[in-house]
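Undergrad: What follows is a single structure, and I will ask about it in a moment.
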Amino acid sequence: MTIAEADVVDAVGIEVATGDVVLTIADHLVLAKDHLALLQSKLDVYVELVRSGELVRTYPAARGRRVVIELIPNEVLPLEALEFISSAAVSLSRFGILLRTRYLSDTTGARS
């Protein structure tokens, strides 16, 4: 599963350190013209999954946990993408959803 498959959840699991349920977006694409539109479509699907209750129905361990959407891009994101993610994070926080980015090359475990 990847960002190009907007209607599919790439990965879901419980983060041991926090107890949060993490929905992962695997972004393997080299940044292209329609890249942010693909990301927006994928985020929309994930938000609907949470808001509709489908996440808890299909993954009962998610019940009562904070939801985190974690974007894992293939490469360092340009400023335009970072601005989009920042804006999306504010919007998602209204629904109690945290949006964060983690790079595969990040071996420290730090997240933004």
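Ligands are numbered from 1 in the order shown, chains are lettered A, B, ... in the order of the structure tokens, and residues start at 1 in each chain.
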Which of stretch 16-55 of chain A counts as strand (DSSP E) under DSSP, as JSON, numbers by chain please?
TA: {"A": [21, 22, 23, 24, 25, 26, 27]}
Undergrad: Quick one: residues within 10 Å of A:Ala6, only C-alpha atoms counted, chain neighbours fewer than 3 positions away excluded, as an MDAnalysis selection string?
TA: chainID A and resid 1:3 9:10 25 38:46
Undergrad: Give me a file of those residues, with C-alpha atoms, as an mmCIF file, in the first residue's frame.
TA:
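That gives us out_4.cif:
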data_model
loop_
_atom_site.group_PDB
_atom_site.id
_atom_site.type_symbol
_atom_site.label_atom_id
_atom_site.label_comp_id
_atom_site.auth_asym_id
_atom_site.auth_seq_id
_atom_site.Cartn_x
_atom_site.Cartn_y
_atom_site.Cartn_z
ATOM 1 C CA MET A 1 0.000 0.000 0.000
ATOM 2 C CA THR A 2 1.152 3.517 -0.743
ATOM 3 C CA ILE A 3 0.024 7.103 -1.005
ATOM 4 C CA VAL A 9 -4.875 2.253 4.918
ATOM 5 C CA ASP A 10 -1.164 1.561 4.530
ATOM 6 C CA ILE A 25 0.882 6.820 5.146
ATOM 7 C CA LEU A 38 -2.624 12.574 -3.519
ATOM 8 C CA LEU A 39 -1.669 13.291 0.073
ATOM 9 C CA GLN A 40 -4.871 15.280 0.619
ATOM 10 C CA SER A 41 -6.950 12.412 -0.778
ATOM 11 C CA LYS A 42 -5.222 9.913 1.490
ATOM 12 C CA LEU A 43 -5.669 12.145 4.552
ATOM 13 C CA ASP A 44 -9.360 12.574 3.716
ATOM 14 C CA VAL A 45 -9.833 8.792 3.664
ATOM 15 C CA TYR A 46 -8.045 8.379 6.999
#
Undergrad: Pick out the residues sitting within 12 Å of stretch 89-93 of chain A, and hand them over as a ChimeraX atom specification; count only C-alpha atoms, and ignore anything fewer than 4 positions along from it in its own chain.
TA: /A:40,43-44,46-48,50-51,66-71,82-85,97-101,112
Undergrad: Considering only alpha helix (DSSP H) as DSSP defines it on the backbone, what residues of chain A qualify? List them as an MDAnalysis selection string.
TA: chainID A and resid 35:51 54:58 79:93
Undergrad: Using C-alpha atoms, can you export the residues from the last selection as a PDB file, in the first residue's frame?
TA:
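Generated output (selection.pdb):
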ATOM      1  CA  HIS A  35       1.751  14.908  -5.000  1.00  0.00           C
ATOM      2  CA  LEU A  36      -0.049  17.150  -2.516  1.00  0.00           C
ATOM      3  CA  ALA A  37      -3.399  16.268  -4.076  1.00  0.00           C
ATOM      4  CA  LEU A  38      -2.624  12.574  -3.519  1.00  0.00           C
ATOM      5  CA  LEU A  39      -1.669  13.291   0.073  1.00  0.00           C
ATOM      6  CA  GLN A  40      -4.871  15.280   0.619  1.00  0.00           C
ATOM      7  CA  SER A  41      -6.950  12.412  -0.778  1.00  0.00           C
ATOM      8  CA  LYS A  42      -5.222   9.913   1.490  1.00  0.00           C
ATOM      9  CA  LEU A  43      -5.669  12.145   4.552  1.00  0.00           C
ATOM     10  CA  ASP A  44      -9.360  12.574   3.716  1.00  0.00           C
ATOM     11  CA  VAL A  45      -9.833   8.792   3.664  1.00  0.00           C
ATOM     12  CA  TYR A  46      -8.045   8.379   6.999  1.00  0.00           C
ATOM     13  CA  VAL A  47     -10.091  11.141   8.647  1.00  0.00           C
ATOM     14  CA  GLU A  48     -13.339   9.630   7.384  1.00  0.00           C
ATOM     15  CA  LEU A  49     -12.232   6.246   8.710  1.00  0.00           C
ATOM     16  CA  VAL A  50     -11.820   7.788  12.163  1.00  0.00           C
ATOM     17  CA  ARG A  51     -14.882  10.050  12.149  1.00  0.00           C
ATOM     18  CA  GLU A  54     -14.984   2.432  10.936  1.00  0.00           C
ATOM     19  CA  LEU A  55     -11.506   2.426  12.494  1.00  0.00           C
ATOM     20  CA  VAL A  56     -12.848   1.113  15.809  1.00  0.00           C
ATOM     21  CA  ARG A  57     -15.179  -1.365  14.079  1.00  0.00           C
ATOM     22  CA  THR A  58     -12.368  -2.875  12.013  1.00  0.00           C
ATOM     23  CA  LEU A  79       8.764  23.941   1.859  1.00  0.00           C
ATOM     24  CA  GLU A  80       5.441  23.807  -0.016  1.00  0.00           C
ATOM     25  CA  ALA A  81       4.770  20.298   1.295  1.00  0.00           C
ATOM     26  CA  LEU A  82       5.833  21.223   4.832  1.00  0.00           C
ATOM     27  CA  GLU A  83       3.443  24.174   4.782  1.00  0.00           C
ATOM     28  CA  PHE A  84       0.640  21.894   3.574  1.00  0.00           C
ATOM     29  CA  ILE A  85       1.372  19.389   6.350  1.00  0.00           C
ATOM     30  CA  SER A  86       1.445  22.147   8.957  1.00  0.00           C
ATOM     31  CA  SER A  87      -1.937  23.427   7.810  1.00  0.00           C
ATOM     32  CA  ALA A  88      -3.349  19.898   7.675  1.00  0.00           C
ATOM     33  CA  ALA A  89      -2.065  19.235  11.201  1.00  0.00           C
ATOM     34  CA  VAL A  90      -4.013  22.235  12.506  1.00  0.00           C
ATOM     35  CA  SER A  91      -7.164  21.058  10.728  1.00  0.00           C
ATOM     36  CA  LEU A  92      -6.798  17.487  11.968  1.00  0.00           C
ATOM     37  CA  SER A  93      -6.223  18.623  15.544  1.00  0.00           C
TER      38      SER A  93
END
Undergrad: Between A:Ile72, A:Leu104, A:Leu77, A:Val8, which residue has the minimum interatomic distance to A:Thr24, considering only C-alpha atoms?
TA: A:Ile72
Undergrad: Closest to A:Tyr59 among A:Tyr103, A:Glu75, A:Asp7, A:Val21, using only C-alpha atoms?
TA: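 Using only C-alpha atoms, the shortest distance to A:Tyr59 belongs to A:Val21.
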